[in-house]
Amino acid sequence: MVRIDVQAPGTGAAGRLSLAAASVGFGQSAVLALVPVMAERTGLDAPAIGGVAFAGAVAFLICAPAWGSWGTGWRLRRLFAALAALMALGHGLFALALAGPALPAAAAVALLVASRIAYGAGAAGVMPHAQAALVAAVSEAARPAALGRLGAGLSAGRILGSLVTTVGIFGTAAPLIALAASPLLLLAAPDLVGRPKAKPAEARRDGILRAAAPLMGIAFALTLGLGQIQIVLGLFLQQRFGLDAAGAAGLAGATFALVAVTMILTQLLLVPRLGPNLRRNLGLGLAGFAAGTGLIACAPGAWLAVLGAVLAGAGIALATPHYTAALVARVPVQAQAAAAGWLASVHVLGQGIGALCGGAAFRIAPALPFWTCAALGLALIAAAARLRPDDPRHQAA
């Protein structure tokens, strides 16, 4: 873990670290936006492209908790320079596959898989150490606001990444250059003083996991619901309101953009104004998620479904920085980066499983994924009501 030097104010660090988070979000969504270009240039079909994306997700899932331990004791700028190099390598291989001469299918797949593994391995370390650094920089009461600002940076990067194809009017090279240059934002991170690596006896893994498990469970369940929404919203809008495929895709895209903007505003404007009451704030976020998904499920008009999605997104944006701040407060200081890494993996795993569950539930009944999310949100409110802001068990670790 790293802690901020006394000369680096927490608020300034939050702004600079949010640029690093934006680089991760930009890389994630820009590649998705370039999928049609990928298919055209390489000749790969949807299953092959899905396999490429899966390789990146696996790399992220494995490397996020690993970086939480491997980066301990490094100065943050040095660590972020290494992560930026991995991310840039991944983007460079991706650009080579798309902008270079036509490759055989096997070679294109190998190049793209290598690109996603390199990018995933690098991006996986950014958020855990950025979150741990902010936790060390600010008071406990200010942590949700600082983490919310970091989350807003991630969301802003995703919005900009989804718009990367608009620079395609300058040629295919322009979006690829923007993608390859995006990891340079990591170099804007404040130079932080490393904390010595903890001895094994100082961080008892079983105690850490017991302390963090309730919040990890809430994180998994909430992202499980988010994964369901993301995968079936367009299909639901098409089926419920009789839209054609193009109309449903357009409405879903506009809805996701509106949700992203709402999440950013929630984390920048609302979260800092709430007091440090974990159960209340987390309960409010979960209630918004439950109410929003329930509104989607029973919406008689498309605009109400959009409103429900926005409300659900605001609920997620409110809940996430609060359970993240509570989680790192439950573990020893030297284990906070590792805990944030495990949390990042839980988020990826929850969204992936949610996508699978959402597709299966939609086949049973189009509204079932949203009713499931509403029920899940209500159940999580009950679980959150039993939480304490801290857990004395980590004191002995």
# chains A, B, ... in the order shown; residues from 1 in each chain; ligands from 1
>>> select_by_dssp(residues="segment 199-330 of chain A", states="alpha helix (DSSP H)", output="JSON, numbers by chain")
{"A": [205, 206, 207, 208, 209, 210, 211, 212, 213, 214, 215, 216, 217, 218, 219, 220, 221, 222, 223, 224, 225, 226, 227, 228, 229, 230, 231, 232, 233, 234, 235, 236, 237, 238, 239, 240, 241, 245, 246, 247, 248, 249, 250, 251, 252, 253, 254, 255, 256, 257, 258, 259, 260, 261, 262, 263, 264, 265, 278, 279, 280, 281, 282, 283, 284, 285, 286, 287, 288, 289, 290, 291, 292, 293, 294, 295, 296, 297, 298, 302, 303, 304, 305, 306, 307, 308, 309, 310, 311, 312, 313, 314, 315, 316, 317, 318, 319, 320, 321, 322, 323, 324, 325, 326, 327, 328, 329]}
>>> residues_around(residues="segment 60-71 of chain A", least_positions_apart="2", cutoff="9 Å", atoms="only C-alpha atoms", output="PyMOL selection string")
chain A and resi 1-2+55-58+73-76+79+117+119-129+197+335-346+348-349
>>> write_last_selection(atoms="N, CA and C atoms", output="short mmCIF file (atom, residue, chain, number, x, y, z; two decimals), in the first residue's frame")
data_model
loop_
_atom_site.label_atom_id
_atom_site.label_comp_id
_atom_site.auth_asym_id
_atom_site.auth_seq_id
_atom_site.Cartn_x
_atom_site.Cartn_y
_atom_site.Cartn_z
N MET A 1 0.85 -1.20 0.00
CA MET A 1 0.00 0.00 0.00
C MET A 1 0.88 1.24 0.00
N VAL A 2 0.31 2.34 -0.41
CA VAL A 2 1.04 3.60 -0.41
C VAL A 2 0.27 4.62 0.39
N ALA A 55 -10.58 -13.21 -22.72
CA ALA A 55 -9.18 -13.31 -22.31
C ALA A 55 -8.76 -12.09 -21.50
N GLY A 56 -9.21 -10.90 -21.93
CA GLY A 56 -8.90 -9.70 -21.18
C GLY A 56 -9.54 -9.68 -19.82
N ALA A 57 -10.80 -10.17 -19.74
CA ALA A 57 -11.50 -10.20 -18.47
C ALA A 57 -10.82 -11.15 -17.48
N VAL A 58 -10.34 -12.29 -17.98
CA VAL A 58 -9.64 -13.25 -17.12
C VAL A 58 -8.34 -12.64 -16.59
N GLY A 73 4.93 -1.24 -1.34
CA GLY A 73 6.28 -0.73 -1.14
C GLY A 73 6.82 0.10 -2.29
N TRP A 74 6.09 0.12 -3.44
CA TRP A 74 6.54 0.94 -4.57
C TRP A 74 6.05 2.38 -4.39
N ARG A 75 6.80 3.33 -4.95
CA ARG A 75 6.26 4.67 -5.09
C ARG A 75 5.18 4.61 -6.16
N LEU A 76 4.10 5.34 -5.93
CA LEU A 76 2.94 5.18 -6.81
C LEU A 76 3.25 5.59 -8.25
N LEU A 79 5.02 2.78 -9.91
CA LEU A 79 4.09 1.69 -10.15
C LEU A 79 3.18 2.00 -11.33
N ILE A 117 -4.73 -9.29 -22.96
CA ILE A 117 -4.07 -9.76 -21.75
C ILE A 117 -3.12 -8.69 -21.21
N TYR A 119 -3.25 -5.41 -21.75
CA TYR A 119 -4.03 -4.29 -21.24
C TYR A 119 -4.70 -4.65 -19.91
N GLY A 120 -5.33 -5.83 -19.84
CA GLY A 120 -6.01 -6.23 -18.61
C GLY A 120 -5.06 -6.34 -17.44
N ALA A 121 -3.86 -6.87 -17.70
CA ALA A 121 -2.87 -7.01 -16.63
C ALA A 121 -2.44 -5.65 -16.09
N GLY A 122 -2.33 -4.66 -16.97
CA GLY A 122 -1.94 -3.33 -16.51
C GLY A 122 -3.07 -2.58 -15.86
N ALA A 123 -4.24 -2.57 -16.52
CA ALA A 123 -5.39 -1.82 -16.00
C ALA A 123 -5.84 -2.34 -14.65
N ALA A 124 -5.63 -3.63 -14.40
CA ALA A 124 -6.11 -4.24 -13.15
C ALA A 124 -5.46 -3.63 -11.92
N GLY A 125 -4.26 -3.08 -12.05
CA GLY A 125 -3.58 -2.54 -10.89
C GLY A 125 -3.89 -1.09 -10.58
N VAL A 126 -4.55 -0.39 -11.49
CA VAL A 126 -4.74 1.05 -11.32
C VAL A 126 -5.71 1.36 -10.18
N MET A 127 -6.92 0.85 -10.26
CA MET A 127 -7.93 1.21 -9.27
C MET A 127 -7.58 0.75 -7.85
N PRO A 128 -7.07 -0.48 -7.65
CA PRO A 128 -6.74 -0.88 -6.27
C PRO A 128 -5.77 0.07 -5.58
N HIS A 129 -4.71 0.48 -6.28
CA HIS A 129 -3.72 1.35 -5.64
C HIS A 129 -4.19 2.80 -5.59
N LYS A 197 6.62 -3.15 2.85
CA LYS A 197 5.82 -4.35 2.70
C LYS A 197 5.60 -5.01 4.04
N ALA A 335 -2.89 -3.96 4.07
CA ALA A 335 -3.67 -4.88 3.23
C ALA A 335 -4.74 -4.16 2.43
N GLN A 336 -4.79 -2.83 2.50
CA GLN A 336 -5.89 -2.11 1.85
C GLN A 336 -5.82 -2.18 0.33
N ALA A 337 -4.62 -2.13 -0.25
CA ALA A 337 -4.51 -2.23 -1.71
C ALA A 337 -4.94 -3.63 -2.17
N ALA A 338 -4.54 -4.65 -1.41
CA ALA A 338 -4.95 -6.01 -1.78
C ALA A 338 -6.46 -6.18 -1.69
N ALA A 339 -7.07 -5.60 -0.64
CA ALA A 339 -8.52 -5.68 -0.50
C ALA A 339 -9.22 -4.97 -1.65
N ALA A 340 -8.69 -3.80 -2.06
CA ALA A 340 -9.27 -3.09 -3.20
C ALA A 340 -9.10 -3.90 -4.48
N GLY A 341 -8.01 -4.65 -4.60
CA GLY A 341 -7.82 -5.51 -5.76
C GLY A 341 -8.83 -6.64 -5.81
N TRP A 342 -9.08 -7.26 -4.65
CA TRP A 342 -10.10 -8.31 -4.60
C TRP A 342 -11.47 -7.72 -4.93
N LEU A 343 -11.74 -6.50 -4.47
CA LEU A 343 -13.02 -5.87 -4.77
C LEU A 343 -13.17 -5.65 -6.28
N ALA A 344 -12.10 -5.21 -6.94
CA ALA A 344 -12.15 -5.02 -8.40
C ALA A 344 -12.45 -6.34 -9.10
N SER A 345 -11.86 -7.43 -8.63
CA SER A 345 -12.15 -8.74 -9.23
C SER A 345 -13.58 -9.17 -8.98
N VAL A 346 -14.09 -8.87 -7.79
CA VAL A 346 -15.49 -9.20 -7.48
C VAL A 346 -16.42 -8.44 -8.41
N VAL A 348 -15.80 -7.43 -11.52
CA VAL A 348 -15.73 -8.04 -12.85
C VAL A 348 -16.48 -9.37 -12.86
N LEU A 349 -16.28 -10.17 -11.82
CA LEU A 349 -16.95 -11.47 -11.73
C LEU A 349 -18.45 -11.30 -11.64
#
>>> closest_residue(among="A:Leu307, A:Ala314, A:Ala59, A:Leu286", to="Ala379 of chain A", atoms="only C-alpha atoms")
A:Leu286
>>> residues_around(residues="Thr266 of chain A", least_positions_apart="2", cutoff="10 Å", atoms="only C-alpha atoms", output="ChimeraX atom specification")
/A:148-149,152,260-264,268-272,313-318
>>> write_last_selection(atoms="N, CA and C atoms", output="PDB file, in the first residue's frame")
ATOM      1  N   GLY A 148     -15.740   8.497  -4.569  1.00  0.00           N
ATOM      2  CA  GLY A 148     -16.750   8.842  -5.564  1.00  0.00           C
ATOM      3  C   GLY A 148     -16.150   9.631  -6.705  1.00  0.00           C
ATOM      4  N   ARG A 149     -15.222  10.537  -6.399  1.00  0.00           N
ATOM      5  CA  ARG A 149     -14.561  11.311  -7.445  1.00  0.00           C
ATOM      6  C   ARG A 149     -13.732  10.395  -8.337  1.00  0.00           C
ATOM      7  N   ALA A 152     -16.122   8.676 -10.569  1.00  0.00           N
ATOM      8  CA  ALA A 152     -16.582   9.594 -11.609  1.00  0.00           C
ATOM      9  C   ALA A 152     -15.562   9.695 -12.732  1.00  0.00           C
ATOM     10  N   ALA A 260     -24.699   7.011 -17.318  1.00  0.00           N
ATOM     11  CA  ALA A 260     -23.303   7.311 -16.986  1.00  0.00           C
ATOM     12  C   ALA A 260     -23.152   8.749 -16.495  1.00  0.00           C
ATOM     13  N   VAL A 261     -23.811   9.690 -17.166  1.00  0.00           N
ATOM     14  CA  VAL A 261     -23.750  11.092 -16.739  1.00  0.00           C
ATOM     15  C   VAL A 261     -24.353  11.244 -15.342  1.00  0.00           C
ATOM     16  N   THR A 262     -25.480  10.571 -15.107  1.00  0.00           N
ATOM     17  CA  THR A 262     -26.125  10.634 -13.797  1.00  0.00           C
ATOM     18  C   THR A 262     -25.219  10.079 -12.705  1.00  0.00           C
ATOM     19  N   MET A 263     -24.522   8.985 -13.002  1.00  0.00           N
ATOM     20  CA  MET A 263     -23.618   8.394 -12.015  1.00  0.00           C
ATOM     21  C   MET A 263     -22.466   9.345 -11.682  1.00  0.00           C
ATOM     22  N   ILE A 264     -21.951  10.011 -12.706  1.00  0.00           N
ATOM     23  CA  ILE A 264     -20.874  10.973 -12.465  1.00  0.00           C
ATOM     24  C   ILE A 264     -21.367  12.113 -11.568  1.00  0.00           C
ATOM     25  N   LEU A 268     -20.039  13.112  -7.830  1.00  0.00           N
ATOM     26  CA  LEU A 268     -19.366  14.392  -7.644  1.00  0.00           C
ATOM     27  C   LEU A 268     -20.150  15.357  -6.764  1.00  0.00           C
ATOM     28  N   LEU A 269     -21.483  15.332  -6.861  1.00  0.00           N
ATOM     29  CA  LEU A 269     -22.298  16.342  -6.193  1.00  0.00           C
ATOM     30  C   LEU A 269     -23.033  15.830  -4.958  1.00  0.00           C
ATOM     31  N   LEU A 270     -23.550  14.615  -5.027  1.00  0.00           N
ATOM     32  CA  LEU A 270     -24.363  14.122  -3.914  1.00  0.00           C
ATOM     33  C   LEU A 270     -23.525  13.449  -2.833  1.00  0.00           C
ATOM     34  N   VAL A 271     -22.637  12.536  -3.228  1.00  0.00           N
ATOM     35  CA  VAL A 271     -21.865  11.768  -2.242  1.00  0.00           C
ATOM     36  C   VAL A 271     -21.098  12.671  -1.280  1.00  0.00           C
ATOM     37  N   PRO A 272     -20.424  13.750  -1.741  1.00  0.00           N
ATOM     38  CA  PRO A 272     -19.688  14.595  -0.781  1.00  0.00           C
ATOM     39  C   PRO A 272     -20.580  15.300   0.232  1.00  0.00           C
ATOM     40  N   GLY A 313     -29.004   3.549 -11.798  1.00  0.00           N
ATOM     41  CA  GLY A 313     -27.603   3.957 -11.919  1.00  0.00           C
ATOM     42  C   GLY A 313     -27.181   4.898 -10.805  1.00  0.00           C
ATOM     43  N   ALA A 314     -28.066   5.830 -10.441  1.00  0.00           N
ATOM     44  CA  ALA A 314     -27.755   6.733  -9.331  1.00  0.00           C
ATOM     45  C   ALA A 314     -27.595   5.952  -8.035  1.00  0.00           C
ATOM     46  N   GLY A 315     -28.431   4.937  -7.838  1.00  0.00           N
ATOM     47  CA  GLY A 315     -28.317   4.111  -6.638  1.00  0.00           C
ATOM     48  C   GLY A 315     -26.984   3.384  -6.571  1.00  0.00           C
ATOM     49  N   ILE A 316     -26.542   2.828  -7.713  1.00  0.00           N
ATOM     50  CA  ILE A 316     -25.242   2.151  -7.753  1.00  0.00           C
ATOM     51  C   ILE A 316     -24.119   3.139  -7.471  1.00  0.00           C
ATOM     52  N   ALA A 317     -24.208   4.329  -8.076  1.00  0.00           N
ATOM     53  CA  ALA A 317     -23.170   5.343  -7.876  1.00  0.00           C
ATOM     54  C   ALA A 317     -23.098   5.801  -6.426  1.00  0.00           C
ATOM     55  N   LEU A 318     -24.228   5.798  -5.740  1.00  0.00           N
ATOM     56  CA  LEU A 318     -24.248   6.186  -4.326  1.00  0.00           C
ATOM     57  C   LEU A 318     -23.719   5.071  -3.439  1.00  0.00           C
TER      58      LEU A 318
END
>>> residues_around(residues="Ala39 of chain A", least_positions_apart="4", cutoff="10 Å", atoms="only C-alpha atoms", output="NGL selection string")
:A and (34-35 or 43-46 or 48-49 or 98)
>>> closest_residue(among="A:Leu251, A:Leu258, A:Ile296, A:Ala360", to="Gln238 of chain A", atoms="only C-alpha atoms")
A:Leu251
>>> atom_distance(atom1="atom CA of Ala102 of chain A", atom2="atom CA of Thr42 of chain A")
6.9 Å
>>> closest_residue(among="A:Ala173, A:Leu380, A:Ala249, A:Ala108", to="Phe220 of chain A", atoms="only C-alpha atoms")
A:Leu380
>>> residues_around(residues="Ala178 of chain A", least_positions_apart="4", cutoff="10 Å", atoms="only C-alpha atoms", output="NGL selection string")
:A and (26-27 or 30 or 91 or 161 or 164 or 167 or 173-174 or 182-183)
>>> residues_around(residues="Ala297 of chain A", least_positions_apart="5", cutoff="7 Å", atoms="only C-alpha atoms", output="short mmCIF file (atom, residue, chain, number, x, y, z; two decimals) with C-alpha atoms, in the first residue's frame")
data_model
loop_
_atom_site.label_atom_id
_atom_site.label_comp_id
_atom_site.auth_asym_id
_atom_site.auth_seq_id
_atom_site.Cartn_x
_atom_site.Cartn_y
_atom_site.Cartn_z
CA ALA A 367 -39.12 -8.49 -17.28
CA PHE A 370 -35.40 -6.48 -13.61
CA TRP A 371 -37.75 -7.99 -11.04
#
>>> closest_residue(among="A:Leu160, A:Pro190, A:Ala22, A:Ala133", to="Arg77 of chain A", atoms="only C-alpha atoms")
A:Pro190
>>> atom_distance(atom1="atom CA of Gly227 of chain A", atom2="atom CA of Leu356 of chain A")
8.3 Å
>>> residues_around(residues="Leu186 of chain A", least_positions_apart="3", cutoff="9 Å", atoms="only C-alpha atoms", output="ChimeraX atom specification")
/A:16-17,19-21,23,77,80-81,83-84,126,182-183,189
>>> write_last_selection(atoms="N, CA, C and O atoms", output="PDB file, in the first residue's frame")
ATOM      1  N   ARG A  16      -6.019  14.126  -9.556  1.00  0.00           N
ATOM      2  CA  ARG A  16      -4.991  13.551 -10.424  1.00  0.00           C
ATOM      3  C   ARG A  16      -5.167  12.049 -10.570  1.00  0.00           C
ATOM      4  O   ARG A  16      -4.960  11.488 -11.649  1.00  0.00           O
ATOM      5  N   LEU A  17      -5.584  11.379  -9.507  1.00  0.00           N
ATOM      6  CA  LEU A  17      -5.833   9.946  -9.604  1.00  0.00           C
ATOM      7  C   LEU A  17      -7.082   9.641 -10.435  1.00  0.00           C
ATOM      8  O   LEU A  17      -7.185   8.575 -11.041  1.00  0.00           O
ATOM      9  N   LEU A  19      -7.747  11.038 -13.156  1.00  0.00           N
ATOM     10  CA  LEU A  19      -7.268  10.961 -14.539  1.00  0.00           C
ATOM     11  C   LEU A  19      -6.777   9.550 -14.862  1.00  0.00           C
ATOM     12  O   LEU A  19      -6.998   9.040 -15.966  1.00  0.00           O
ATOM     13  N   ALA A  20      -6.111   8.924 -13.897  1.00  0.00           N
ATOM     14  CA  ALA A  20      -5.670   7.545 -14.103  1.00  0.00           C
ATOM     15  C   ALA A  20      -6.875   6.624 -14.263  1.00  0.00           C
ATOM     16  O   ALA A  20      -6.884   5.736 -15.125  1.00  0.00           O
ATOM     17  N   ALA A  21      -7.900   6.828 -13.437  1.00  0.00           N
ATOM     18  CA  ALA A  21      -9.112   6.026 -13.560  1.00  0.00           C
ATOM     19  C   ALA A  21      -9.780   6.252 -14.917  1.00  0.00           C
ATOM     20  O   ALA A  21     -10.288   5.320 -15.532  1.00  0.00           O
ATOM     21  N   SER A  23      -8.324   6.877 -17.686  1.00  0.00           N
ATOM     22  CA  SER A  23      -7.572   6.136 -18.692  1.00  0.00           C
ATOM     23  C   SER A  23      -8.046   4.688 -18.772  1.00  0.00           C
ATOM     24  O   SER A  23      -8.175   4.119 -19.865  1.00  0.00           O
ATOM     25  N   ARG A  77       4.025   6.640  -8.435  1.00  0.00           N
ATOM     26  CA  ARG A  77       4.313   7.076  -9.806  1.00  0.00           C
ATOM     27  C   ARG A  77       5.118   6.015 -10.544  1.00  0.00           C
ATOM     28  O   ARG A  77       4.904   5.773 -11.735  1.00  0.00           O
ATOM     29  N   PHE A  80       2.638   3.220 -11.353  1.00  0.00           N
ATOM     30  CA  PHE A  80       1.725   3.596 -12.433  1.00  0.00           C
ATOM     31  C   PHE A  80       2.451   3.667 -13.778  1.00  0.00           C
ATOM     32  O   PHE A  80       1.844   3.444 -14.821  1.00  0.00           O
ATOM     33  N   ALA A  81       3.747   4.003 -13.769  1.00  0.00           N
ATOM     34  CA  ALA A  81       4.505   3.997 -15.018  1.00  0.00           C
ATOM     35  C   ALA A  81       4.592   2.577 -15.578  1.00  0.00           C
ATOM     36  O   ALA A  81       4.466   2.369 -16.792  1.00  0.00           O
ATOM     37  N   LEU A  83       2.396   0.141 -14.970  1.00  0.00           N
ATOM     38  CA  LEU A  83       1.045  -0.206 -15.423  1.00  0.00           C
ATOM     39  C   LEU A  83       0.733   0.467 -16.761  1.00  0.00           C
ATOM     40  O   LEU A  83       0.130  -0.141 -17.648  1.00  0.00           O
ATOM     41  N   ALA A  84       1.147   1.731 -16.904  1.00  0.00           N
ATOM     42  CA  ALA A  84       0.918   2.446 -18.157  1.00  0.00           C
ATOM     43  C   ALA A  84       1.647   1.762 -19.316  1.00  0.00           C
ATOM     44  O   ALA A  84       1.123   1.691 -20.440  1.00  0.00           O
ATOM     45  N   VAL A 126      -4.554  -0.391 -11.493  1.00  0.00           N
ATOM     46  CA  VAL A 126      -4.740   1.048 -11.320  1.00  0.00           C
ATOM     47  C   VAL A 126      -5.706   1.363 -10.175  1.00  0.00           C
ATOM     48  O   VAL A 126      -5.357   2.090  -9.237  1.00  0.00           O
ATOM     49  N   SER A 182      -3.771   7.052 -24.395  1.00  0.00           N
ATOM     50  CA  SER A 182      -4.549   7.245 -23.166  1.00  0.00           C
ATOM     51  C   SER A 182      -3.826   6.819 -21.891  1.00  0.00           C
ATOM     52  O   SER A 182      -4.014   7.448 -20.846  1.00  0.00           O
ATOM     53  N   PRO A 183      -2.983   5.755 -21.890  1.00  0.00           N
ATOM     54  CA  PRO A 183      -2.293   5.400 -20.634  1.00  0.00           C
ATOM     55  C   PRO A 183      -1.345   6.475 -20.118  1.00  0.00           C
ATOM     56  O   PRO A 183      -0.934   6.424 -18.954  1.00  0.00           O
ATOM     57  N   ALA A 189      -0.236  10.985 -12.070  1.00  0.00           N
ATOM     58  CA  ALA A 189      -0.484  10.612 -10.673  1.00  0.00           C
ATOM     59  C   ALA A 189       0.506  11.315  -9.747  1.00  0.00           C
ATOM     60  O   ALA A 189       1.673  11.521 -10.104  1.00  0.00           O
TER      61      ALA A 189
END
